[in-house]
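Content type compact mmCIF, N, CA and C atoms, from the file entry20.txt:
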# COMPACT_ATOMS: atom_id res chain seq x y z
N MET X 16 150.26 99.87 107.81
CA MET X 16 149.97 100.76 106.70
C MET X 16 151.26 100.96 105.89
N ILE X 17 151.14 100.85 104.56
CA ILE X 17 152.28 101.05 103.67
C ILE X 17 152.22 102.47 103.10
N HIS X 18 153.28 103.22 103.37
CA HIS X 18 153.35 104.61 102.94
C HIS X 18 154.29 104.72 101.74
N VAL X 19 153.79 105.31 100.66
CA VAL X 19 154.54 105.46 99.42
C VAL X 19 154.84 106.94 99.20
N VAL X 20 156.04 107.23 98.69
CA VAL X 20 156.41 108.58 98.31
C VAL X 20 156.77 108.58 96.83
N ALA X 21 156.18 109.52 96.11
CA ALA X 21 156.53 109.77 94.71
C ALA X 21 157.14 111.16 94.64
N THR X 22 158.08 111.33 93.72
CA THR X 22 158.72 112.63 93.58
C THR X 22 158.71 113.05 92.12
N GLY X 23 158.84 114.35 91.88
CA GLY X 23 158.93 114.82 90.51
C GLY X 23 158.76 116.31 90.42
N THR X 24 158.90 116.81 89.20
CA THR X 24 158.73 118.24 88.93
C THR X 24 157.26 118.56 88.69
N PHE X 25 156.57 117.72 87.96
CA PHE X 25 155.14 117.86 87.68
C PHE X 25 154.81 119.19 87.00
N ASP X 26 155.60 119.52 85.99
CA ASP X 26 155.35 120.72 85.21
C ASP X 26 154.37 120.37 84.09
N ILE X 27 153.39 121.19 83.87
CA ILE X 27 152.34 120.95 82.87
C ILE X 27 151.77 119.54 83.06
N LEU X 28 150.89 119.40 84.02
CA LEU X 28 150.32 118.09 84.32
C LEU X 28 149.71 117.46 83.07
N HIS X 29 149.93 116.16 82.93
CA HIS X 29 149.44 115.42 81.77
C HIS X 29 149.12 113.98 82.20
N PRO X 30 148.55 113.17 81.30
CA PRO X 30 148.18 111.80 81.67
C PRO X 30 149.34 110.95 82.18
N GLY X 31 150.56 111.21 81.73
CA GLY X 31 151.71 110.46 82.24
C GLY X 31 151.93 110.70 83.72
N HIS X 32 151.74 111.94 84.17
CA HIS X 32 151.85 112.24 85.60
C HIS X 32 150.78 111.49 86.38
N LEU X 33 149.55 111.56 85.91
CA LEU X 33 148.45 110.89 86.60
C LEU X 33 148.70 109.39 86.67
N TYR X 34 149.16 108.80 85.58
CA TYR X 34 149.46 107.37 85.55
C TYR X 34 150.53 107.03 86.59
N TYR X 35 151.61 107.82 86.63
CA TYR X 35 152.68 107.60 87.60
C TYR X 35 152.15 107.63 89.03
N LEU X 36 151.31 108.60 89.33
CA LEU X 36 150.77 108.72 90.69
C LEU X 36 149.75 107.63 91.00
N GLU X 37 148.94 107.26 90.03
CA GLU X 37 147.98 106.15 90.25
C GLU X 37 148.72 104.84 90.50
N GLU X 38 149.74 104.58 89.69
CA GLU X 38 150.51 103.34 89.87
C GLU X 38 151.28 103.36 91.19
N SER X 39 151.79 104.51 91.57
CA SER X 39 152.48 104.63 92.86
C SER X 39 151.52 104.35 94.00
N ARG X 40 150.33 104.90 93.92
CA ARG X 40 149.31 104.74 94.97
C ARG X 40 148.91 103.28 95.14
N LYS X 41 148.91 102.52 94.05
CA LYS X 41 148.54 101.09 94.10
C LYS X 41 149.52 100.27 94.95
N LEU X 42 150.72 100.79 95.16
CA LEU X 42 151.74 100.06 95.91
C LEU X 42 151.57 100.17 97.42
N GLY X 43 150.66 101.04 97.87
CA GLY X 43 150.51 101.22 99.31
C GLY X 43 149.16 101.75 99.70
N ASP X 44 149.07 102.16 100.96
CA ASP X 44 147.81 102.64 101.52
C ASP X 44 147.72 104.17 101.53
N GLU X 45 148.86 104.83 101.44
CA GLU X 45 148.89 106.29 101.50
C GLU X 45 150.01 106.79 100.59
N LEU X 46 149.70 107.85 99.81
CA LEU X 46 150.68 108.40 98.88
C LEU X 46 150.98 109.85 99.22
N SER X 47 152.26 110.11 99.46
CA SER X 47 152.76 111.47 99.61
C SER X 47 153.60 111.79 98.39
N VAL X 48 153.50 113.04 97.94
CA VAL X 48 154.25 113.46 96.75
C VAL X 48 155.13 114.64 97.13
N ILE X 49 156.39 114.54 96.75
CA ILE X 49 157.33 115.64 96.94
C ILE X 49 157.53 116.31 95.58
N VAL X 50 157.14 117.57 95.50
CA VAL X 50 157.24 118.34 94.27
C VAL X 50 158.56 119.12 94.30
N ALA X 51 159.33 118.99 93.23
CA ALA X 51 160.64 119.64 93.15
C ALA X 51 160.52 121.16 93.23
N ARG X 52 161.44 121.76 93.96
CA ARG X 52 161.52 123.21 94.06
C ARG X 52 162.09 123.77 92.75
N ASP X 53 161.64 124.95 92.36
CA ASP X 53 162.14 125.58 91.14
C ASP X 53 163.67 125.61 91.11
N ALA X 54 164.27 126.02 92.21
CA ALA X 54 165.73 126.18 92.28
C ALA X 54 166.48 124.86 92.16
N ASN X 55 165.82 123.74 92.43
CA ASN X 55 166.48 122.44 92.41
C ASN X 55 166.37 121.73 91.07
N VAL X 56 165.60 122.25 90.15
CA VAL X 56 165.45 121.60 88.84
C VAL X 56 166.62 122.04 87.97
N LYS X 57 167.60 121.15 87.87
CA LYS X 57 168.82 121.48 87.13
C LYS X 57 169.08 120.51 85.99
N HIS X 58 168.41 119.37 85.96
CA HIS X 58 168.67 118.33 84.98
C HIS X 58 167.84 118.47 83.70
N LYS X 59 167.02 119.50 83.65
CA LYS X 59 166.19 119.76 82.47
C LYS X 59 165.82 121.24 82.49
N PRO X 60 165.14 121.73 81.43
CA PRO X 60 164.78 123.15 81.44
C PRO X 60 163.95 123.51 82.68
N ARG X 61 164.10 124.75 83.11
CA ARG X 61 163.35 125.22 84.28
C ARG X 61 161.86 125.03 84.05
N PRO X 62 161.12 124.74 85.10
CA PRO X 62 159.68 124.55 84.95
C PRO X 62 158.99 125.80 84.39
N ILE X 63 157.94 125.56 83.64
CA ILE X 63 157.13 126.64 83.09
C ILE X 63 156.25 127.22 84.19
N LEU X 64 155.64 126.34 84.98
CA LEU X 64 154.79 126.77 86.08
C LEU X 64 155.61 126.90 87.36
N PRO X 65 155.35 127.94 88.15
CA PRO X 65 156.08 128.09 89.42
C PRO X 65 155.72 126.98 90.41
N GLU X 66 156.63 126.74 91.34
CA GLU X 66 156.49 125.63 92.28
C GLU X 66 155.18 125.65 93.07
N ASP X 67 154.72 126.81 93.48
CA ASP X 67 153.48 126.85 94.28
C ASP X 67 152.28 126.40 93.44
N GLN X 68 152.27 126.72 92.16
CA GLN X 68 151.17 126.28 91.29
C GLN X 68 151.28 124.79 90.99
N ARG X 69 152.49 124.30 90.77
CA ARG X 69 152.67 122.86 90.53
C ARG X 69 152.25 122.07 91.76
N LEU X 70 152.60 122.56 92.95
CA LEU X 70 152.20 121.90 94.19
C LEU X 70 150.68 121.86 94.31
N ARG X 71 150.04 122.96 94.05
CA ARG X 71 148.57 123.04 94.17
C ARG X 71 147.89 122.06 93.22
N MET X 72 148.40 121.93 92.01
CA MET X 72 147.82 121.01 91.03
C MET X 72 147.98 119.55 91.51
N VAL X 73 149.16 119.21 92.03
CA VAL X 73 149.39 117.85 92.51
C VAL X 73 148.50 117.55 93.71
N GLN X 74 148.34 118.52 94.61
CA GLN X 74 147.49 118.32 95.79
C GLN X 74 146.05 118.01 95.39
N ALA X 75 145.61 118.49 94.25
CA ALA X 75 144.22 118.31 93.82
C ALA X 75 143.96 116.96 93.17
N LEU X 76 144.99 116.18 92.90
CA LEU X 76 144.81 114.91 92.21
C LEU X 76 144.30 113.83 93.16
N LYS X 77 143.37 113.04 92.69
CA LYS X 77 142.69 112.03 93.50
C LYS X 77 143.64 111.01 94.16
N PRO X 78 144.66 110.50 93.48
CA PRO X 78 145.51 109.49 94.15
C PRO X 78 146.38 110.04 95.27
N VAL X 79 146.51 111.36 95.36
CA VAL X 79 147.47 112.00 96.28
C VAL X 79 146.82 112.27 97.64
N ASP X 80 147.42 111.72 98.69
CA ASP X 80 146.95 111.99 100.05
C ASP X 80 147.60 113.24 100.62
N HIS X 81 148.90 113.43 100.34
CA HIS X 81 149.64 114.59 100.84
C HIS X 81 150.64 115.01 99.77
N ALA X 82 150.87 116.30 99.65
CA ALA X 82 151.89 116.81 98.72
C ALA X 82 152.64 117.95 99.39
N PHE X 83 153.94 117.98 99.16
CA PHE X 83 154.82 118.96 99.79
C PHE X 83 155.85 119.44 98.77
N LEU X 84 156.38 120.62 98.97
CA LEU X 84 157.53 121.06 98.20
C LEU X 84 158.77 120.39 98.79
N GLY X 85 159.72 120.07 97.95
CA GLY X 85 160.97 119.49 98.42
C GLY X 85 161.78 120.50 99.21
N ASP X 86 162.85 120.02 99.80
CA ASP X 86 163.76 120.87 100.57
C ASP X 86 164.74 121.54 99.61
N LEU X 87 165.04 122.79 99.86
CA LEU X 87 165.96 123.52 98.98
C LEU X 87 167.40 123.00 99.03
N HIS X 88 167.80 122.38 100.16
CA HIS X 88 169.20 122.01 100.33
C HIS X 88 169.45 120.52 100.50
N ASP X 89 168.46 119.76 100.93
CA ASP X 89 168.67 118.35 101.25
C ASP X 89 167.47 117.54 100.76
N MET X 90 167.63 116.84 99.64
CA MET X 90 166.50 116.11 99.07
C MET X 90 166.01 114.97 99.97
N PHE X 91 166.85 114.54 100.91
CA PHE X 91 166.45 113.44 101.79
C PHE X 91 165.68 113.90 103.02
N ARG X 92 165.71 115.19 103.33
CA ARG X 92 165.04 115.69 104.53
C ARG X 92 163.53 115.37 104.52
N PRO X 93 162.78 115.69 103.46
CA PRO X 93 161.35 115.36 103.49
C PRO X 93 161.10 113.85 103.54
N ILE X 94 161.96 113.08 102.91
CA ILE X 94 161.81 111.63 102.95
C ILE X 94 162.00 111.13 104.38
N ALA X 95 162.99 111.66 105.08
CA ALA X 95 163.22 111.28 106.48
C ALA X 95 162.03 111.66 107.35
N GLU X 96 161.43 112.82 107.08
CA GLU X 96 160.28 113.26 107.87
C GLU X 96 159.05 112.39 107.60
N ILE X 97 158.87 111.96 106.37
CA ILE X 97 157.70 111.15 106.01
C ILE X 97 157.90 109.70 106.45
N GLY X 98 159.11 109.18 106.29
CA GLY X 98 159.40 107.79 106.65
C GLY X 98 158.67 106.77 105.81
N PRO X 99 158.78 106.84 104.48
CA PRO X 99 158.02 105.93 103.62
C PRO X 99 158.57 104.51 103.62
N ASP X 100 157.72 103.59 103.22
CA ASP X 100 158.12 102.20 103.01
C ASP X 100 158.66 102.02 101.59
N ILE X 101 158.11 102.80 100.65
CA ILE X 101 158.47 102.70 99.24
C ILE X 101 158.61 104.10 98.65
N ILE X 102 159.63 104.29 97.84
CA ILE X 102 159.79 105.51 97.05
C ILE X 102 159.68 105.10 95.59
N THR X 103 158.80 105.76 94.85
CA THR X 103 158.67 105.43 93.44
C THR X 103 159.37 106.47 92.58
N LEU X 104 159.88 105.99 91.45
CA LEU X 104 160.52 106.84 90.46
C LEU X 104 159.77 106.69 89.14
N GLY X 105 159.63 107.77 88.43
CA GLY X 105 159.02 107.71 87.11
C GLY X 105 159.98 107.11 86.10
N PHE X 106 159.44 106.68 84.97
CA PHE X 106 160.26 105.99 83.96
C PHE X 106 161.41 106.85 83.45
N ASN X 107 161.23 108.17 83.47
CA ASN X 107 162.27 109.05 82.91
C ASN X 107 163.03 109.85 83.97
N GLN X 108 162.87 109.50 85.23
CA GLN X 108 163.63 110.20 86.26
C GLN X 108 165.08 109.72 86.23
N HIS X 109 165.98 110.63 86.46
CA HIS X 109 167.40 110.40 86.26
C HIS X 109 168.11 109.63 87.37
N PHE X 110 167.40 109.12 88.35
CA PHE X 110 168.03 108.40 89.45
C PHE X 110 168.33 106.95 89.06
N ASP X 111 169.46 106.47 89.52
CA ASP X 111 169.79 105.05 89.43
C ASP X 111 169.24 104.41 90.71
N GLU X 112 168.40 103.40 90.56
CA GLU X 112 167.72 102.83 91.73
C GLU X 112 168.68 102.31 92.79
N GLU X 113 169.71 101.56 92.38
CA GLU X 113 170.62 100.98 93.36
C GLU X 113 171.42 102.06 94.08
N ASN X 114 171.86 103.06 93.36
CA ASN X 114 172.59 104.17 93.97
C ASN X 114 171.69 104.89 94.97
N LEU X 115 170.43 105.11 94.60
CA LEU X 115 169.49 105.77 95.51
C LEU X 115 169.27 104.93 96.76
N ARG X 116 169.13 103.61 96.60
CA ARG X 116 168.96 102.73 97.78
C ARG X 116 170.15 102.88 98.73
N GLN X 117 171.34 102.90 98.18
CA GLN X 117 172.55 103.03 99.01
C GLN X 117 172.58 104.37 99.72
N ARG X 118 172.22 105.44 99.01
CA ARG X 118 172.21 106.77 99.63
C ARG X 118 171.16 106.84 100.74
N LEU X 119 170.01 106.20 100.53
CA LEU X 119 168.97 106.16 101.56
C LEU X 119 169.49 105.41 102.79
N ARG X 120 170.11 104.24 102.58
CA ARG X 120 170.62 103.43 103.69
C ARG X 120 171.67 104.21 104.49
N SER X 121 172.52 104.97 103.78
CA SER X 121 173.56 105.72 104.48
C SER X 121 172.96 106.80 105.38
N ARG X 122 171.72 107.17 105.10
CA ARG X 122 171.01 108.16 105.93
C ARG X 122 170.10 107.47 106.95
N GLY X 123 170.16 106.15 107.02
CA GLY X 123 169.32 105.41 107.97
C GLY X 123 167.89 105.24 107.50
N LEU X 124 167.65 105.40 106.20
CA LEU X 124 166.30 105.27 105.65
C LEU X 124 166.19 103.93 104.92
N ASN X 125 165.21 103.14 105.30
CA ASN X 125 165.09 101.78 104.78
C ASN X 125 163.99 101.61 103.75
N ALA X 126 163.64 102.65 103.05
CA ALA X 126 162.58 102.55 102.04
C ALA X 126 163.06 101.76 100.83
N ASP X 127 162.16 100.99 100.26
CA ASP X 127 162.45 100.31 99.00
C ASP X 127 162.28 101.33 97.88
N VAL X 128 162.87 101.06 96.73
CA VAL X 128 162.75 101.95 95.57
C VAL X 128 162.14 101.16 94.43
N ALA X 129 161.09 101.72 93.82
CA ALA X 129 160.41 101.05 92.71
C ALA X 129 160.30 102.00 91.53
N ARG X 130 160.61 101.52 90.35
CA ARG X 130 160.50 102.31 89.12
C ARG X 130 159.15 102.01 88.49
N ILE X 131 158.39 103.06 88.18
CA ILE X 131 157.09 102.94 87.54
C ILE X 131 157.29 103.05 86.03
N ALA X 132 156.71 102.14 85.29
CA ALA X 132 156.83 102.15 83.82
C ALA X 132 156.18 103.40 83.24
N GLY X 133 156.56 103.73 82.04
CA GLY X 133 156.03 104.90 81.37
C GLY X 133 154.60 104.73 80.90
N TYR X 134 153.90 105.82 80.83
CA TYR X 134 152.54 105.86 80.30
C TYR X 134 152.61 105.60 78.80
N PRO X 135 151.70 104.79 78.28
CA PRO X 135 151.79 104.41 76.87
C PRO X 135 151.33 105.47 75.87
N GLY X 136 150.80 106.59 76.32
CA GLY X 136 150.30 107.61 75.41
C GLY X 136 151.42 108.38 74.71
N PRO X 137 151.10 109.05 73.61
CA PRO X 137 152.11 109.75 72.82
C PRO X 137 152.66 111.02 73.47
N LEU X 138 151.88 111.70 74.27
CA LEU X 138 152.34 112.94 74.89
C LEU X 138 152.48 112.74 76.40
N ALA X 139 153.43 111.88 76.76
CA ALA X 139 153.57 111.48 78.16
C ALA X 139 154.72 112.16 78.87
N SER X 140 155.13 113.32 78.40
CA SER X 140 156.12 114.11 79.13
C SER X 140 155.88 115.57 78.82
N SER X 141 156.22 116.42 79.78
CA SER X 141 156.03 117.86 79.59
C SER X 141 156.83 118.36 78.40
N SER X 142 158.04 117.85 78.23
CA SER X 142 158.88 118.31 77.12
C SER X 142 158.26 117.92 75.77
N LYS X 143 157.66 116.74 75.69
CA LYS X 143 157.00 116.35 74.44
C LYS X 143 155.77 117.22 74.17
N ILE X 144 155.08 117.61 75.23
CA ILE X 144 153.92 118.49 75.06
C ILE X 144 154.38 119.85 74.54
N VAL X 145 155.43 120.41 75.13
CA VAL X 145 155.95 121.70 74.69
C VAL X 145 156.40 121.60 73.22
N GLU X 146 157.11 120.54 72.90
CA GLU X 146 157.57 120.33 71.52
C GLU X 146 156.39 120.26 70.56
N HIS X 147 155.35 119.55 70.95
CA HIS X 147 154.15 119.42 70.12
C HIS X 147 153.46 120.78 69.94
N ILE X 148 153.36 121.55 70.99
CA ILE X 148 152.74 122.89 70.90
C ILE X 148 153.54 123.77 69.95
N LEU X 149 154.86 123.76 70.08
CA LEU X 149 155.68 124.59 69.22
C LEU X 149 155.57 124.17 67.75
N LYS X 150 155.48 122.85 67.53
CA LYS X 150 155.39 122.36 66.17
C LYS X 150 154.02 122.67 65.54
N THR X 151 152.96 122.53 66.32
CA THR X 151 151.61 122.69 65.76
C THR X 151 151.02 124.07 65.94
N ARG X 152 151.52 124.83 66.91
CA ARG X 152 150.94 126.15 67.18
C ARG X 152 151.98 127.21 67.45
N GLY X 153 153.20 126.90 67.10
CA GLY X 153 154.30 127.82 67.35
C GLY X 153 154.24 129.04 66.44
N PRO X 154 155.33 129.79 66.45
CA PRO X 154 155.36 131.03 65.66
C PRO X 154 155.05 130.77 64.19
N THR X 155 154.22 131.59 63.64
CA THR X 155 153.91 131.51 62.22
C THR X 155 154.39 132.79 61.56
N PRO X 156 154.72 132.70 60.28
CA PRO X 156 155.18 133.92 59.62
C PRO X 156 154.09 134.98 59.62
N PRO X 157 154.47 136.25 59.69
CA PRO X 157 153.45 137.30 59.69
C PRO X 157 152.67 137.29 58.37
N VAL X 158 151.41 137.61 58.48
CA VAL X 158 150.54 137.66 57.31
C VAL X 158 150.78 139.00 56.59
N GLU X 159 151.09 138.88 55.31
CA GLU X 159 151.33 140.10 54.53
C GLU X 159 150.01 140.76 54.20
N GLU X 160 149.98 142.06 54.39
CA GLU X 160 148.76 142.80 54.06
C GLU X 160 148.73 143.06 52.56
N LYS X 161 147.57 142.89 51.98
CA LYS X 161 147.40 143.16 50.55
C LYS X 161 147.05 144.62 50.35
N GLU X 162 147.67 145.19 49.33
CA GLU X 162 147.40 146.61 49.05
C GLU X 162 146.27 146.76 48.09

Any chance you could put this one into structure tokens?
Amino acid sequence: MIHVVATGTFDILHPGHLYYLEESRKLGDELSVIVARDANVKHKPRPILPEDQRLRMVQALKPVDHAFLGDLHDMFRPIAEIGPDIITLGFNQHFDEENLRQRLRSRGLNADVARIAGYPGPLASSSKIVEHILKTRGPTPPVEEKE
């Protein structure tokens, strides 16, 4: 059995997330997802949805067999516990694949690392969705009352 692990923040679920998880699932027989803890998201704005809600949403997705919150102090701990054959990265995740492979090997983890291409749709990231909402439905000037 080939076990795949996907990781991410998964804030404001959108088709790009689903595509990433579907493509990750195609690489193996079982997909586990590690959802980033609120406190560990430092490379982009803090998530809009709290970690427990993001976890619950990911658990409900059809391609996902198991979903867990990441470790607060050691990102490799859940990976060591799962023991995957493959770890997938999304197109916009900040990890360098070769550096990640080396860090995994130094921990005795022999998982391969695969980068999943981006979803071709226009709103394929949470930040683009937020930007679109602000542009199309953001603050509007107050309506002046007529006397």

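Of the residues in range 26-123 of chain X, those given strand (DSSP E or B) by DSSP on the backbone are Glu45, Leu46, Ser47, Val48, Ile49, Val50, His81, Ala82, Phe83, Leu84, Ile101, Ile102, Thr103 and Leu104 of chain X.
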
So which residues touch range 65-71 of chain X within 7 Å, counting only N, CA and C atoms, skipping near sequence neighbours fewer than 4 positions away, as a list in words?
Thr24, Phe25, Asp26, Ile27, Val50, Ala51, Arg52, Asp53, Ala75, Leu76, Ala82, Phe83 and Leu84 of chain X

Just give me the residues with any atom within 6 Å of (169.7, 103.3, 97.9), file coordinates, counting only N, CA and C atoms, written as a tab-separated table (two decimals) with N, CA and C atoms, in the frame of the given file.
chain	number	residue	atom	x	y	z
X	112	GLU	N	168.40	103.40	90.56
X	112	GLU	CA	167.72	102.83	91.73
X	112	GLU	C	168.68	102.31	92.79
X	113	GLU	N	169.71	101.56	92.38
X	113	GLU	CA	170.62	100.98	93.36
X	113	GLU	C	171.42	102.06	94.08
X	114	ASN	N	171.86	103.06	93.36
X	114	ASN	CA	172.59	104.17	93.97
X	114	ASN	C	171.69	104.89	94.97
X	115	LEU	N	170.43	105.11	94.60
X	115	LEU	CA	169.49	105.77	95.51
X	115	LEU	C	169.27	104.93	96.76
X	116	ARG	N	169.13	103.61	96.60
X	116	ARG	CA	168.96	102.73	97.78
X	116	ARG	C	170.15	102.88	98.73
X	117	GLN	N	171.34	102.90	98.18
X	117	GLN	CA	172.55	103.03	99.01
X	117	GLN	C	172.58	104.37	99.72
X	118	ARG	N	172.22	105.44	99.01
X	118	ARG	CA	172.21	106.77	99.63
X	118	ARG	C	171.16	106.84	100.74
X	119	LEU	N	170.01	106.20	100.53
X	119	LEU	CA	168.97	106.16	101.56
X	119	LEU	C	169.49	105.41	102.79
X	120	ARG	N	170.11	104.24	102.58
X	120	ARG	CA	170.62	103.43	103.69
X	120	ARG	C	171.67	104.21	104.49

Find the nearest atom pair between each residue of range 88-155 of chain X and range 42-45 of chain X for residues within 10 Å, count only C-alpha atoms, give distances in Å to one decimal, sort rows by chain and ascending number, and present the table as JSON lines.
{"residue": "X:Pro99", "atom": "CA", "partner": "X:Glu45", "partner_atom": "CA", "distance": 9.4}
{"residue": "X:Asp100", "atom": "CA", "partner": "X:Gly43", "partner_atom": "CA", "distance": 8.5}
{"residue": "X:Ile101", "atom": "CA", "partner": "X:Leu42", "partner_atom": "CA", "distance": 8.0}
{"residue": "X:Ile102", "atom": "CA", "partner": "X:Leu42", "partner_atom": "CA", "distance": 9.8}
{"residue": "X:Thr103", "atom": "CA", "partner": "X:Leu42", "partner_atom": "CA", "distance": 9.1}
{"residue": "X:Ala129", "atom": "CA", "partner": "X:Leu42", "partner_atom": "CA", "distance": 9.3}

DSSP-assigned helix (DSSP H, G or I) members of range 54-125 of chain X, reported as a PyMOL selection string:
chain X and resi 54-55+66-74+91-97+112-121

Could you write out the selected residues, including N, CA and C atoms, as a PDB file, in the coordinates of the input?
ATOM      1  N   ALA X  54     164.270 126.020  92.210  1.00  0.00           N
ATOM      2  CA  ALA X  54     165.730 126.180  92.280  1.00  0.00           C
ATOM      3  C   ALA X  54     166.480 124.860  92.160  1.00  0.00           C
ATOM      4  N   ASN X  55     165.820 123.740  92.430  1.00  0.00           N
ATOM      5  CA  ASN X  55     166.480 122.440  92.410  1.00  0.00           C
ATOM      6  C   ASN X  55     166.370 121.730  91.070  1.00  0.00           C
ATOM      7  N   GLU X  66     156.630 126.740  91.340  1.00  0.00           N
ATOM      8  CA  GLU X  66     156.490 125.630  92.280  1.00  0.00           C
ATOM      9  C   GLU X  66     155.180 125.650  93.070  1.00  0.00           C
ATOM     10  N   ASP X  67     154.720 126.810  93.480  1.00  0.00           N
ATOM     11  CA  ASP X  67     153.480 126.850  94.280  1.00  0.00           C
ATOM     12  C   ASP X  67     152.280 126.400  93.440  1.00  0.00           C
ATOM     13  N   GLN X  68     152.270 126.720  92.160  1.00  0.00           N
ATOM     14  CA  GLN X  68     151.170 126.280  91.290  1.00  0.00           C
ATOM     15  C   GLN X  68     151.280 124.790  90.990  1.00  0.00           C
ATOM     16  N   ARG X  69     152.490 124.300  90.770  1.00  0.00           N
ATOM     17  CA  ARG X  69     152.670 122.860  90.530  1.00  0.00           C
ATOM     18  C   ARG X  69     152.250 122.070  91.760  1.00  0.00           C
ATOM     19  N   LEU X  70     152.600 122.560  92.950  1.00  0.00           N
ATOM     20  CA  LEU X  70     152.200 121.900  94.190  1.00  0.00           C
ATOM     21  C   LEU X  70     150.680 121.860  94.310  1.00  0.00           C
ATOM     22  N   ARG X  71     150.040 122.960  94.050  1.00  0.00           N
ATOM     23  CA  ARG X  71     148.570 123.040  94.170  1.00  0.00           C
ATOM     24  C   ARG X  71     147.890 122.060  93.220  1.00  0.00           C
ATOM     25  N   MET X  72     148.400 121.930  92.010  1.00  0.00           N
ATOM     26  CA  MET X  72     147.820 121.010  91.030  1.00  0.00           C
ATOM     27  C   MET X  72     147.980 119.550  91.510  1.00  0.00           C
ATOM     28  N   VAL X  73     149.160 119.210  92.030  1.00  0.00           N
ATOM     29  CA  VAL X  73     149.390 117.850  92.510  1.00  0.00           C
ATOM     30  C   VAL X  73     148.500 117.550  93.710  1.00  0.00           C
ATOM     31  N   GLN X  74     148.340 118.520  94.610  1.00  0.00           N
ATOM     32  CA  GLN X  74     147.490 118.320  95.790  1.00  0.00           C
ATOM     33  C   GLN X  74     146.050 118.010  95.390  1.00  0.00           C
ATOM     34  N   PHE X  91     166.850 114.540 100.910  1.00  0.00           N
ATOM     35  CA  PHE X  91     166.450 113.440 101.790  1.00  0.00           C
ATOM     36  C   PHE X  91     165.680 113.900 103.020  1.00  0.00           C
ATOM     37  N   ARG X  92     165.710 115.190 103.330  1.00  0.00           N
ATOM     38  CA  ARG X  92     165.040 115.690 104.530  1.00  0.00           C
ATOM     39  C   ARG X  92     163.530 115.370 104.520  1.00  0.00           C
ATOM     40  N   PRO X  93     162.780 115.690 103.460  1.00  0.00           N
ATOM     41  CA  PRO X  93     161.350 115.360 103.490  1.00  0.00           C
ATOM     42  C   PRO X  93     161.100 113.850 103.540  1.00  0.00           C
ATOM     43  N   ILE X  94     161.960 113.080 102.910  1.00  0.00           N
ATOM     44  CA  ILE X  94     161.810 111.630 102.950  1.00  0.00           C
ATOM     45  C   ILE X  94     162.000 111.130 104.380  1.00  0.00           C
ATOM     46  N   ALA X  95     162.990 111.660 105.080  1.00  0.00           N
ATOM     47  CA  ALA X  95     163.220 111.280 106.480  1.00  0.00           C
ATOM     48  C   ALA X  95     162.030 111.660 107.350  1.00  0.00           C
ATOM     49  N   GLU X  96     161.430 112.820 107.080  1.00  0.00           N
ATOM     50  CA  GLU X  96     160.280 113.260 107.870  1.00  0.00           C
ATOM     51  C   GLU X  96     159.050 112.390 107.600  1.00  0.00           C
ATOM     52  N   ILE X  97     158.870 111.960 106.370  1.00  0.00           N
ATOM     53  CA  ILE X  97     157.700 111.150 106.010  1.00  0.00           C
ATOM     54  C   ILE X  97     157.900 109.700 106.450  1.00  0.00           C
ATOM     55  N   GLU X 112     168.400 103.400  90.560  1.00  0.00           N
ATOM     56  CA  GLU X 112     167.720 102.830  91.730  1.00  0.00           C
ATOM     57  C   GLU X 112     168.680 102.310  92.790  1.00  0.00           C
ATOM     58  N   GLU X 113     169.710 101.560  92.380  1.00  0.00           N
ATOM     59  CA  GLU X 113     170.620 100.980  93.360  1.00  0.00           C
ATOM     60  C   GLU X 113     171.420 102.060  94.080  1.00  0.00           C
ATOM     61  N   ASN X 114     171.860 103.060  93.360  1.00  0.00           N
ATOM     62  CA  ASN X 114     172.590 104.170  93.970  1.00  0.00           C
ATOM     63  C   ASN X 114     171.690 104.890  94.970  1.00  0.00           C
ATOM     64  N   LEU X 115     170.430 105.110  94.600  1.00  0.00           N
ATOM     65  CA  LEU X 115     169.490 105.770  95.510  1.00  0.00           C
ATOM     66  C   LEU X 115     169.270 104.930  96.760  1.00  0.00           C
ATOM     67  N   ARG X 116     169.130 103.610  96.600  1.00  0.00           N
ATOM     68  CA  ARG X 116     168.960 102.730  97.780  1.00  0.00           C
ATOM     69  C   ARG X 116     170.150 102.880  98.730  1.00  0.00           C
ATOM     70  N   GLN X 117     171.340 102.900  98.180  1.00  0.00           N
ATOM     71  CA  GLN X 117     172.550 103.030  99.010  1.00  0.00           C
ATOM     72  C   GLN X 117     172.580 104.370  99.720  1.00  0.00           C
ATOM     73  N   ARG X 118     172.220 105.440  99.010  1.00  0.00           N
ATOM     74  CA  ARG X 118     172.210 106.770  99.630  1.00  0.00           C
ATOM     75  C   ARG X 118     171.160 106.840 100.740  1.00  0.00           C
ATOM     76  N   LEU X 119     170.010 106.200 100.530  1.00  0.00           N
ATOM     77  CA  LEU X 119     168.970 106.160 101.560  1.00  0.00           C
ATOM     78  C   LEU X 119     169.490 105.410 102.790  1.00  0.00           C
ATOM     79  N   ARG X 120     170.110 104.240 102.580  1.00  0.00           N
ATOM     80  CA  ARG X 120     170.620 103.430 103.690  1.00  0.00           C
ATOM     81  C   ARG X 120     171.670 104.210 104.490  1.00  0.00           C
ATOM     82  N   SER X 121     172.520 104.970 103.780  1.00  0.00           N
ATOM     83  CA  SER X 121     173.560 105.720 104.480  1.00  0.00           C
ATOM     84  C   SER X 121     172.960 106.800 105.380  1.00  0.00           C
TER      85      SER X 121
END

Quote the spacing between CA of Lys57 in chain X and CA of Gly85 in chain X in Å to one decimal place.
13.9 Å

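From CA of Ala21 in chain X back to CA of Leu46 in chain X, the distance works out to 7.3 Å.
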
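Atom to atom, CA of Thr151 in chain X and atom C of Tyr134 in chain X stand 21.5 Å apart.
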
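Closest approach to Val19 in chain X among X:Leu33, X:His88, X:Gly98, X:Arg61 is made by X:Gly98 (distances from all atoms listed in the file).
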
Test item: residues at most 8 Å from Ile131 in chain X, all atoms listed in the file, excluding those fewer than 6 positions along its chain, as an MDAnalysis selection string
chainID X and resid 34:35 38:39 102:107
